[in-house]
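Structure record follows, encoded as C-alpha coordinates.
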Amino acid sequence: MCEVVLHSPFKELWADADPFEEAFRLDGESFRKVKSRHTFRFEAGGKGYFAKLHHGCGWGEIWKNLLQFKRPVLGADNEYRALLHLKKLGIDTMTPCAYGLRGRNPAHLQSFLITEELTGVVSLEDFCRDWQKSPPDFPCKAALIRKLGAMTGKMHRSGLNHRDCYICHFLLKKETAASPDPTLHVIDLHRAQIRARVPYRYLVKDVAGLFFSSMDTGITARDILRFIRAYGNRPLREELAGRRRFYEDVRKAARKLYRKEFSKEAPL
(Lines give C-alpha, C1' and ligand atoms only; values in the text may rest on other atoms or scores of the structure.)
Protein backbone atom coordinates (compact mmCIF):
# COMPACT_ATOMS: atom_id res chain seq x y z
CA MET A 1 0.00 0.00 0.00
CA CYS A 2 1.36 3.40 -0.96
CA GLU A 3 -0.40 6.75 -1.19
CA VAL A 4 1.20 10.15 -1.77
CA VAL A 5 -0.48 13.55 -2.18
CA LEU A 6 1.73 16.60 -2.75
CA HIS A 7 0.78 20.24 -3.15
CA SER A 8 2.94 23.29 -3.75
CA PRO A 9 5.74 23.84 -2.82
CA PHE A 10 6.52 20.17 -2.08
CA LYS A 11 5.15 18.99 -5.42
CA GLU A 12 7.88 21.03 -7.10
CA LEU A 13 10.61 20.54 -4.48
CA TRP A 14 10.25 16.75 -4.47
CA ALA A 15 9.40 16.27 -8.16
CA ASP A 16 12.40 14.03 -8.87
CA ALA A 17 12.84 12.51 -5.40
CA ASP A 18 11.33 9.90 -3.11
CA PRO A 19 8.84 11.92 -1.00
CA PHE A 20 9.25 9.57 1.97
CA GLU A 21 13.02 10.01 1.98
CA GLU A 22 12.59 13.78 1.68
CA ALA A 23 9.95 13.97 4.41
CA PHE A 24 11.89 11.85 6.89
CA ARG A 25 15.03 13.88 6.20
CA LEU A 26 13.29 17.02 7.48
CA ASP A 27 13.95 18.40 10.94
CA GLY A 28 13.17 21.54 12.88
CA GLU A 29 11.87 22.95 16.13
CA SER A 30 10.45 19.95 17.97
CA PHE A 31 7.00 20.29 19.60
CA ARG A 32 6.28 16.66 20.46
CA LYS A 33 8.44 13.59 20.12
CA VAL A 34 7.35 10.13 21.23
CA LYS A 35 8.45 6.67 20.20
CA SER A 36 6.28 6.46 17.09
CA ARG A 37 5.68 10.11 16.18
CA HIS A 38 7.57 13.39 15.85
CA THR A 39 5.91 16.79 15.42
CA PHE A 40 8.08 19.77 14.52
CA ARG A 41 8.12 23.14 12.76
CA PHE A 42 10.36 23.87 9.80
CA GLU A 43 10.65 26.38 6.97
CA ALA A 44 10.68 25.94 3.21
CA GLY A 45 10.79 28.75 0.68
CA GLY A 46 10.55 31.33 3.44
CA LYS A 47 7.27 29.93 4.83
CA GLY A 48 6.61 27.99 8.01
CA TYR A 49 5.20 24.45 8.08
CA PHE A 50 4.47 21.74 10.61
CA ALA A 51 5.39 18.12 9.99
CA LYS A 52 4.18 14.95 11.69
CA LEU A 53 6.28 11.90 10.96
CA HIS A 54 4.87 8.50 11.98
CA HIS A 55 7.19 5.51 12.26
CA GLY A 56 4.63 2.81 13.08
CA CYS A 57 3.02 2.30 16.47
CA GLY A 58 3.99 -1.37 16.97
CA TRP A 59 1.84 -4.38 17.80
CA GLY A 60 2.00 -3.68 21.53
CA GLU A 61 0.20 -0.36 21.11
CA ILE A 62 -2.33 -1.88 18.72
CA TRP A 63 -3.25 -4.70 21.11
CA LYS A 64 -3.40 -2.32 24.07
CA ASN A 65 -5.95 -0.16 22.25
CA LEU A 66 -7.98 -3.13 21.02
CA LEU A 67 -8.17 -4.62 24.50
CA GLN A 68 -9.50 -1.25 25.73
CA PHE A 69 -12.05 -1.27 22.87
CA LYS A 70 -10.34 1.71 21.25
CA ARG A 71 -9.48 2.16 17.60
CA PRO A 72 -5.66 2.35 17.33
CA VAL A 73 -4.06 5.29 15.48
CA LEU A 74 -1.77 3.73 12.89
CA GLY A 75 -0.33 6.83 11.26
CA ALA A 76 -1.02 10.20 9.62
CA ASP A 77 -4.00 8.88 7.65
CA ASN A 78 -6.46 9.65 10.46
CA GLU A 79 -5.54 13.31 10.66
CA TYR A 80 -5.28 13.80 6.91
CA ARG A 81 -8.80 12.42 6.34
CA ALA A 82 -10.13 14.55 9.19
CA LEU A 83 -8.62 17.71 7.67
CA LEU A 84 -10.20 16.99 4.29
CA HIS A 85 -13.53 16.28 5.99
CA LEU A 86 -13.48 19.57 7.92
CA LYS A 87 -12.38 21.56 4.87
CA LYS A 88 -15.36 20.15 2.96
CA LEU A 89 -17.66 21.28 5.79
CA GLY A 90 -16.18 24.77 5.77
CA ILE A 91 -14.74 24.43 9.29
CA ASP A 92 -11.43 26.23 9.74
CA THR A 93 -8.53 23.90 10.47
CA MET A 94 -5.01 23.25 9.19
CA THR A 95 -4.20 23.12 5.46
CA PRO A 96 -2.42 19.94 4.32
CA CYS A 97 0.43 20.43 1.84
CA ALA A 98 1.96 16.95 1.71
CA TYR A 99 0.82 13.51 2.83
CA GLY A 100 2.21 10.04 2.41
CA LEU A 101 1.46 6.52 3.66
CA ARG A 102 3.20 3.27 2.80
CA GLY A 103 3.55 -0.27 4.10
CA ARG A 104 1.54 -3.46 4.53
CA ASN A 105 2.08 -4.34 8.18
CA PRO A 106 -0.34 -2.17 10.23
CA ALA A 107 2.13 -2.04 13.12
CA HIS A 108 4.93 -0.63 10.98
CA LEU A 109 3.25 1.77 8.55
CA GLN A 110 5.37 4.75 7.61
CA SER A 111 3.54 8.03 7.06
CA PHE A 112 3.91 11.80 7.09
CA LEU A 113 1.69 14.87 7.09
CA ILE A 114 2.84 18.44 6.43
CA THR A 115 0.53 21.39 7.04
CA GLU A 116 0.86 25.14 6.60
CA GLU A 117 1.79 27.03 9.76
CA LEU A 118 -1.08 29.03 11.24
CA THR A 119 0.19 32.54 11.98
CA GLY A 120 -1.22 35.29 14.17
CA VAL A 121 -3.10 32.79 16.33
CA VAL A 122 -3.39 31.98 20.03
CA SER A 123 -4.94 28.94 21.67
CA LEU A 124 -8.23 29.52 23.47
CA GLU A 125 -6.58 28.13 26.60
CA ASP A 126 -3.99 30.93 26.55
CA PHE A 127 -6.47 33.59 25.42
CA CYS A 128 -8.86 32.79 28.28
CA ARG A 129 -6.21 32.14 30.94
CA ASP A 130 -6.72 35.41 32.84
CA TRP A 131 -10.47 35.77 32.38
CA GLN A 132 -11.17 35.12 36.06
CA LYS A 133 -8.96 38.05 37.13
CA SER A 134 -9.62 40.25 34.10
CA PRO A 135 -13.00 39.42 32.58
CA PRO A 136 -13.22 40.07 28.82
CA ASP A 137 -15.70 42.34 27.12
CA PHE A 138 -19.05 40.58 27.04
CA PRO A 139 -19.49 40.71 23.22
CA CYS A 140 -16.06 39.09 22.74
CA LYS A 141 -16.76 36.33 25.25
CA ALA A 142 -20.24 35.61 23.92
CA ALA A 143 -19.05 35.47 20.30
CA LEU A 144 -16.26 33.04 21.14
CA ILE A 145 -18.59 30.74 23.08
CA ARG A 146 -21.15 30.77 20.26
CA LYS A 147 -18.45 30.04 17.66
CA LEU A 148 -16.96 27.20 19.69
CA GLY A 149 -20.40 25.65 20.21
CA ALA A 150 -21.40 26.01 16.57
CA MET A 151 -18.11 24.49 15.31
CA THR A 152 -18.30 21.52 17.67
CA GLY A 153 -21.96 20.86 16.90
CA LYS A 154 -21.39 21.00 13.15
CA MET A 155 -18.39 18.69 13.49
CA HIS A 156 -20.42 16.15 15.49
CA ARG A 157 -23.45 16.28 13.21
CA SER A 158 -21.16 15.51 10.26
CA GLY A 159 -19.98 12.30 11.91
CA LEU A 160 -16.58 13.45 13.16
CA ASN A 161 -15.46 13.37 16.80
CA HIS A 162 -12.14 14.79 17.97
CA ARG A 163 -11.22 12.58 20.99
CA ASP A 164 -8.87 15.30 22.34
CA CYS A 165 -11.45 18.06 22.40
CA TYR A 166 -10.03 20.71 24.75
CA ILE A 167 -9.91 24.48 24.32
CA CYS A 168 -6.13 24.30 23.80
CA HIS A 169 -6.85 22.64 20.45
CA PHE A 170 -8.82 25.61 19.12
CA LEU A 171 -6.67 28.46 17.81
CA LEU A 172 -8.10 31.97 17.65
CA LYS A 173 -7.03 34.31 14.86
CA LYS A 174 -6.04 37.22 17.10
CA GLU A 175 -7.11 39.95 14.69
CA THR A 176 -10.69 38.57 14.79
CA ALA A 177 -10.92 38.38 18.61
CA ALA A 178 -13.26 41.38 18.80
CA SER A 179 -15.32 40.33 15.78
CA PRO A 180 -18.95 39.14 16.08
CA ASP A 181 -17.76 36.09 14.11
CA PRO A 182 -14.23 35.24 15.34
CA THR A 183 -12.09 32.78 13.38
CA LEU A 184 -11.22 29.55 15.22
CA HIS A 185 -9.08 26.75 13.80
CA VAL A 186 -9.44 23.25 15.23
CA ILE A 187 -6.13 21.35 15.36
CA ASP A 188 -4.45 18.17 16.64
CA LEU A 189 -6.79 15.72 14.94
CA HIS A 190 -4.56 12.64 14.84
CA ARG A 191 -7.04 10.64 16.97
CA ALA A 192 -10.20 11.96 15.24
CA GLN A 193 -12.79 9.46 14.01
CA ILE A 194 -15.27 9.77 11.14
CA ARG A 195 -18.44 7.68 10.92
CA ALA A 196 -21.96 8.09 9.60
CA ARG A 197 -22.94 9.00 13.17
CA VAL A 198 -20.84 9.72 16.26
CA PRO A 199 -21.52 7.24 19.09
CA TYR A 200 -23.11 8.75 22.20
CA ARG A 201 -20.11 8.20 24.47
CA TYR A 202 -17.81 10.06 22.09
CA LEU A 203 -20.20 13.00 21.89
CA VAL A 204 -20.14 13.14 25.70
CA LYS A 205 -16.34 12.81 25.76
CA ASP A 206 -15.78 15.71 23.33
CA VAL A 207 -18.21 18.17 24.94
CA ALA A 208 -17.08 17.20 28.46
CA GLY A 209 -13.49 17.89 27.37
CA LEU A 210 -14.46 21.43 26.36
CA PHE A 211 -16.36 22.05 29.61
CA PHE A 212 -13.55 20.59 31.74
CA SER A 213 -10.84 22.65 30.06
CA SER A 214 -12.82 25.89 30.43
CA MET A 215 -13.87 25.47 34.09
CA ASP A 216 -11.12 27.77 35.39
CA THR A 217 -11.84 30.58 32.95
CA GLY A 218 -14.69 32.01 34.99
CA ILE A 219 -17.49 30.87 32.70
CA THR A 220 -21.00 31.14 34.12
CA ALA A 221 -24.21 29.13 33.85
CA ARG A 222 -25.42 31.61 31.21
CA ASP A 223 -22.22 31.02 29.23
CA ILE A 224 -22.88 27.28 29.28
CA LEU A 225 -26.45 27.81 28.07
CA ARG A 226 -25.09 30.04 25.31
CA PHE A 227 -22.75 27.22 24.23
CA ILE A 228 -25.59 24.66 24.35
CA ARG A 229 -27.81 26.85 22.16
CA ALA A 230 -25.05 27.15 19.53
CA TYR A 231 -24.03 23.50 19.78
CA GLY A 232 -27.57 22.22 19.26
CA ASN A 233 -28.30 24.74 16.49
CA ARG A 234 -31.90 25.12 17.65
CA PRO A 235 -33.81 27.07 20.31
CA LEU A 236 -32.39 26.52 23.80
CA ARG A 237 -35.65 25.29 25.31
CA GLU A 238 -36.00 22.71 22.54
CA GLU A 239 -32.39 21.57 22.84
CA LEU A 240 -32.54 21.12 26.61
CA ALA A 241 -35.89 19.34 26.46
CA GLY A 242 -34.63 16.90 23.85
CA ARG A 243 -31.17 16.21 25.27
CA ARG A 244 -31.34 16.77 29.02
CA ARG A 245 -29.78 13.39 29.79
CA PHE A 246 -26.90 14.12 27.39
CA TYR A 247 -25.97 17.41 29.09
CA GLU A 248 -26.25 15.81 32.52
CA ASP A 249 -23.81 13.09 31.40
CA VAL A 250 -21.52 15.79 30.01
CA ARG A 251 -21.61 17.64 33.34
CA LYS A 252 -20.74 14.48 35.28
CA ALA A 253 -17.93 13.55 32.90
CA ALA A 254 -16.44 17.06 33.00
CA ARG A 255 -16.46 17.17 36.80
CA LYS A 256 -14.91 13.70 36.91
CA LEU A 257 -12.10 14.88 34.61
CA TYR A 258 -11.52 17.90 36.84
CA ARG A 259 -11.30 15.77 39.99
CA LYS A 260 -8.88 13.40 38.29
CA GLU A 261 -6.66 16.22 37.02
CA PHE A 262 -6.67 18.53 40.05
CA SER A 263 -7.72 16.27 42.97
CA LYS A 264 -10.49 18.68 43.94
CA GLU A 265 -14.05 19.53 43.00
CA ALA A 266 -14.73 21.69 39.97
CA PRO A 267 -15.66 25.34 40.61
CA LEU A 268 -18.95 25.07 38.70
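In the C-alpha coordinates, chains take the letters A, B, ... in the order shown, each chain's residues start at 1, and ligands count up from 1 in the order shown.
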Which residues, written as an MDAnalysis selection string, have at least one atom at most 10 Å from Ile194 (chain A), with only C-alpha atoms counted and residues fewer than 3 positions away on the same chain left out? chainID A and resid 78 81:82 85 155:156 158:162 197:198
Would you kindly return, as a list in words, each protein, DNA or RNA residue with an atom no farther than 9 Å from any atom of Leu101 (chain A), considering only C-alpha atoms and excluding same-chain residues fewer than 5 positions away?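 Answer for this query is Met1, Cys2, Glu3, Val4, Phe20, Gly75, Ala76, Asp77, Leu109, Gln110, Ser111 and Phe112 of chain A.
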Among region 21-170 of chain A, which residues does DSSP mark as strand (DSSP E or B) when it is run on the backbone? Keep the chain and numbering as in the structure and answer as a PyMOL selection string. chain A and resi 29-33+37-44+47-54+96-102+110-116+121-123+160-161+170
Taking N, CA and C atoms for each residue, export the selection above as a tab-separated table (two decimals), in the first residue's frame.
chain	number	residue	atom	x	y	z
A	29	GLU	N	12.17	22.70	14.72
A	29	GLU	CA	11.87	22.95	16.13
A	29	GLU	C	10.85	21.93	16.62
A	30	SER	N	11.29	21.07	17.53
A	30	SER	CA	10.45	19.95	17.97
A	30	SER	C	9.37	20.42	18.95
A	31	PHE	N	8.12	19.97	18.72
A	31	PHE	CA	7.00	20.29	19.60
A	31	PHE	C	6.52	19.06	20.37
A	32	ARG	N	6.65	17.90	19.78
A	32	ARG	CA	6.28	16.66	20.46
A	32	ARG	C	7.04	15.51	19.81
A	33	LYS	N	7.69	14.72	20.64
A	33	LYS	CA	8.44	13.59	20.12
A	33	LYS	C	8.22	12.39	21.03
A	37	ARG	N	6.10	8.91	16.88
A	37	ARG	CA	5.68	10.11	16.18
A	37	ARG	C	6.51	11.32	16.57
A	38	HIS	N	6.82	12.15	15.59
A	38	HIS	CA	7.57	13.39	15.85
A	38	HIS	C	6.85	14.54	15.17
A	39	THR	N	6.55	15.58	15.94
A	39	THR	CA	5.91	16.79	15.42
A	39	THR	C	6.88	17.95	15.56
A	40	PHE	N	7.12	18.66	14.47
A	40	PHE	CA	8.08	19.77	14.52
A	40	PHE	C	7.73	20.83	13.47
A	41	ARG	N	8.28	22.02	13.69
A	41	ARG	CA	8.12	23.14	12.76
A	41	ARG	C	9.38	23.29	11.94
A	42	PHE	N	9.21	23.60	10.66
A	42	PHE	CA	10.36	23.87	9.80
A	42	PHE	C	9.96	24.91	8.76
A	43	GLU	N	10.91	25.38	8.00
A	43	GLU	CA	10.65	26.38	6.97
A	43	GLU	C	11.08	25.87	5.61
A	44	ALA	N	10.34	26.26	4.59
A	44	ALA	CA	10.68	25.94	3.21
A	44	ALA	C	10.23	27.11	2.34
A	47	LYS	N	8.54	30.11	4.13
A	47	LYS	CA	7.27	29.93	4.83
A	47	LYS	C	7.40	28.85	5.89
A	48	GLY	N	6.58	28.96	6.93
A	48	GLY	CA	6.61	27.99	8.01
A	48	GLY	C	5.63	26.84	7.78
A	49	TYR	N	6.03	25.64	8.20
A	49	TYR	CA	5.20	24.45	8.08
A	49	TYR	C	5.35	23.58	9.32
A	50	PHE	N	4.37	22.73	9.55
A	50	PHE	CA	4.47	21.74	10.61
A	50	PHE	C	4.44	20.36	9.98
A	51	ALA	N	5.32	19.49	10.48
A	51	ALA	CA	5.39	18.12	9.99
A	51	ALA	C	5.10	17.15	11.12
A	52	LYS	N	4.37	16.08	10.78
A	52	LYS	CA	4.18	14.95	11.69
A	52	LYS	C	4.67	13.71	10.98
A	53	LEU	N	5.71	13.10	11.53
A	53	LEU	CA	6.28	11.90	10.96
A	53	LEU	C	5.90	10.71	11.84
A	54	HIS	N	5.30	9.71	11.25
A	54	HIS	CA	4.87	8.50	11.98
A	54	HIS	C	5.74	7.33	11.55
A	96	PRO	N	-3.45	20.92	4.65
A	96	PRO	CA	-2.42	19.94	4.32
A	96	PRO	C	-1.70	20.30	3.02
A	97	CYS	N	-0.38	20.14	3.03
A	97	CYS	CA	0.43	20.43	1.84
A	97	CYS	C	1.10	19.17	1.29
A	98	ALA	N	1.32	18.19	2.15
A	98	ALA	CA	1.96	16.95	1.71
A	98	ALA	C	1.53	15.82	2.65
A	99	TYR	N	1.25	14.68	2.05
A	99	TYR	CA	0.82	13.51	2.83
A	99	TYR	C	1.32	12.25	2.15
A	100	GLY	N	1.77	11.30	2.96
A	100	GLY	CA	2.21	10.04	2.41
A	100	GLY	C	1.99	8.90	3.39
A	101	LEU	N	1.66	7.72	2.85
A	101	LEU	CA	1.46	6.52	3.66
A	101	LEU	C	1.93	5.33	2.86
A	102	ARG	N	2.77	4.47	3.48
A	102	ARG	CA	3.20	3.27	2.80
A	102	ARG	C	3.46	2.14	3.79
A	110	GLN	N	4.59	3.52	7.60
A	110	GLN	CA	5.37	4.75	7.61
A	110	GLN	C	4.52	5.84	6.95
A	111	SER	N	4.40	6.98	7.62
A	111	SER	CA	3.54	8.03	7.06
A	111	SER	C	4.01	9.41	7.50
A	112	PHE	N	3.58	10.41	6.74
A	112	PHE	CA	3.91	11.80	7.09
A	112	PHE	C	2.75	12.72	6.70
A	113	LEU	N	2.67	13.83	7.40
A	113	LEU	CA	1.69	14.87	7.09
A	113	LEU	C	2.34	16.23	7.33
A	114	ILE	N	2.29	17.09	6.32
A	114	ILE	CA	2.84	18.44	6.43
A	114	ILE	C	1.72	19.43	6.21
A	115	THR	N	1.59	20.38	7.13
A	115	THR	CA	0.53	21.39	7.04
A	115	THR	C	1.14	22.79	7.09
A	116	GLU	N	0.42	23.75	6.52
A	116	GLU	CA	0.86	25.14	6.60
A	116	GLU	C	0.82	25.63	8.04
A	121	VAL	N	-2.07	33.50	15.58
A	121	VAL	CA	-3.10	32.79	16.33
A	121	VAL	C	-2.66	32.56	17.77
A	122	VAL	N	-3.63	32.31	18.62
A	122	VAL	CA	-3.39	31.98	20.03
A	122	VAL	C	-4.41	30.92	20.43
A	123	SER	N	-3.99	29.97	21.25
A	123	SER	CA	-4.94	28.94	21.67
A	123	SER	C	-5.99	29.56	22.59
A	160	LEU	N	-17.97	13.41	12.69
A	160	LEU	CA	-16.58	13.45	13.16
A	160	LEU	C	-16.53	13.79	14.65
A	161	ASN	N	-15.75	13.02	15.40
A	161	ASN	CA	-15.46	13.37	16.80
A	161	ASN	C	-13.95	13.50	16.96
A	170	PHE	N	-8.13	24.65	19.97
A	170	PHE	CA	-8.82	25.61	19.12
A	170	PHE	C	-7.99	26.89	19.12
Return the single residue from A:Arg163, A:Arg245, A:Pro135, A:Phe127 that is closest to Tyr202 (chain A), with distances computed using only C-alpha atoms. A:Arg163
Determine which residues of region 36-242 of chain A DSSP labels as helix (DSSP H, G or I) from the backbone of this structure, then write them out as number ranges by chain. A: 58-67, 77-89, 106-108, 124-127, 138-157, 167-169, 174-176, 200-217, 221-232, 236-242
Identify, on the basis of only C-alpha atoms, every residue whose closest approach to Arg201 (chain A) does not exceed 10 Å; exclude the query and any residue fewer than 5 positions from it along the same chain; express the result as a list in words. Asp206, Phe246, Asp249 and Val250 of chain A
Would you compute the distance between CA of Ala221 (chain A) and CA of Met151 (chain A)? Give it in Å to one decimal. 20.1 Å
For a quick check of understanding, using only C-alpha atoms, which of A:Arg191, A:Lys133, A:Arg229, A:Arg104 has the smallest distance to Leu148 (chain A)?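 Answer, going by the shortest atom-to-atom distance: A:Arg229.
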Take CA of Asp181 (chain A) and CA of Cys140 (chain A) and report the distance between them in Å, one decimal.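 These two atoms are separated by 9.3 Å.
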Test item: residues at most 9 Å from Lys205 (chain A), only C-alpha atoms, excluding those fewer than 2 positions along its chain, as a PyMOL selection string: chain A and resi 163-165+200-203+207-210+250+253-254
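Residues within 10 Å of Lys154 (chain A), counting only C-alpha atoms and excluding same-chain residues fewer than 5 positions away, are Leu86, Leu89, Gly90, Ile91, Gly149, Gly159, Leu160, Ala230, Tyr231, Gly232 and Asn233 of chain A.
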Go through A:Leu83, A:Ala143, A:Val186, A:Leu257 one by one, measure the shortest atom-to-atom distance of each to Asp223 (chain A) using only C-alpha atoms, and give the residue with the smallest value.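 Ranked by minimum distance to Asp223 (chain A), first place goes to A:Ala143.
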Which is closer to Gly45 (chain A) than all the others in A:Ala17, A:Ala23, A:Phe10, A:Leu144, using only C-alpha atoms? A:Phe10
Quick one: residues within 9 Å of Ser214 (chain A), only C-alpha atoms, excluding same-chain residues fewer than 4 positions away - as JSON, numbers by chain? {"A": [125, 128, 166, 167, 209, 210, 218, 219]}
Would you output that residue set with N, CA, C and O atoms, as a PDB file, in the first residue's frame?
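Resulting contents of selection_2.pdb:
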ATOM      1  N   GLU A 125      -7.058  28.326  25.226  1.00  0.00           N
ATOM      2  CA  GLU A 125      -6.579  28.134  26.600  1.00  0.00           C
ATOM      3  C   GLU A 125      -5.751  29.325  27.048  1.00  0.00           C
ATOM      4  O   GLU A 125      -5.939  29.853  28.152  1.00  0.00           O
ATOM      5  N   CYS A 128      -7.897  32.706  27.162  1.00  0.00           N
ATOM      6  CA  CYS A 128      -8.861  32.794  28.275  1.00  0.00           C
ATOM      7  C   CYS A 128      -8.208  32.645  29.649  1.00  0.00           C
ATOM      8  O   CYS A 128      -8.915  32.675  30.668  1.00  0.00           O
ATOM      9  N   TYR A 166     -10.267  19.757  23.667  1.00  0.00           N
ATOM     10  CA  TYR A 166     -10.026  20.708  24.748  1.00  0.00           C
ATOM     11  C   TYR A 166      -9.819  22.087  24.120  1.00  0.00           C
ATOM     12  O   TYR A 166      -9.454  22.191  22.937  1.00  0.00           O
ATOM     13  N   ILE A 167     -10.007  23.139  24.907  1.00  0.00           N
ATOM     14  CA  ILE A 167      -9.912  24.479  24.318  1.00  0.00           C
ATOM     15  C   ILE A 167      -8.505  24.807  23.828  1.00  0.00           C
ATOM     16  O   ILE A 167      -8.333  25.699  23.002  1.00  0.00           O
ATOM     17  N   GLY A 209     -14.864  17.383  27.458  1.00  0.00           N
ATOM     18  CA  GLY A 209     -13.494  17.894  27.370  1.00  0.00           C
ATOM     19  C   GLY A 209     -13.465  19.404  27.258  1.00  0.00           C
ATOM     20  O   GLY A 209     -12.628  20.081  27.884  1.00  0.00           O
ATOM     21  N   LEU A 210     -14.385  19.964  26.485  1.00  0.00           N
ATOM     22  CA  LEU A 210     -14.460  21.427  26.359  1.00  0.00           C
ATOM     23  C   LEU A 210     -14.881  22.060  27.682  1.00  0.00           C
ATOM     24  O   LEU A 210     -14.299  23.065  28.110  1.00  0.00           O
ATOM     25  N   GLY A 218     -13.667  31.117  34.453  1.00  0.00           N
ATOM     26  CA  GLY A 218     -14.686  32.006  34.992  1.00  0.00           C
ATOM     27  C   GLY A 218     -15.990  31.984  34.222  1.00  0.00           C
ATOM     28  O   GLY A 218     -16.814  32.905  34.363  1.00  0.00           O
ATOM     29  N   ILE A 219     -16.229  30.945  33.445  1.00  0.00           N
ATOM     30  CA  ILE A 219     -17.495  30.868  32.705  1.00  0.00           C
ATOM     31  C   ILE A 219     -18.655  30.686  33.684  1.00  0.00           C
ATOM     32  O   ILE A 219     -18.503  30.128  34.762  1.00  0.00           O
TER      33      ILE A 219
END
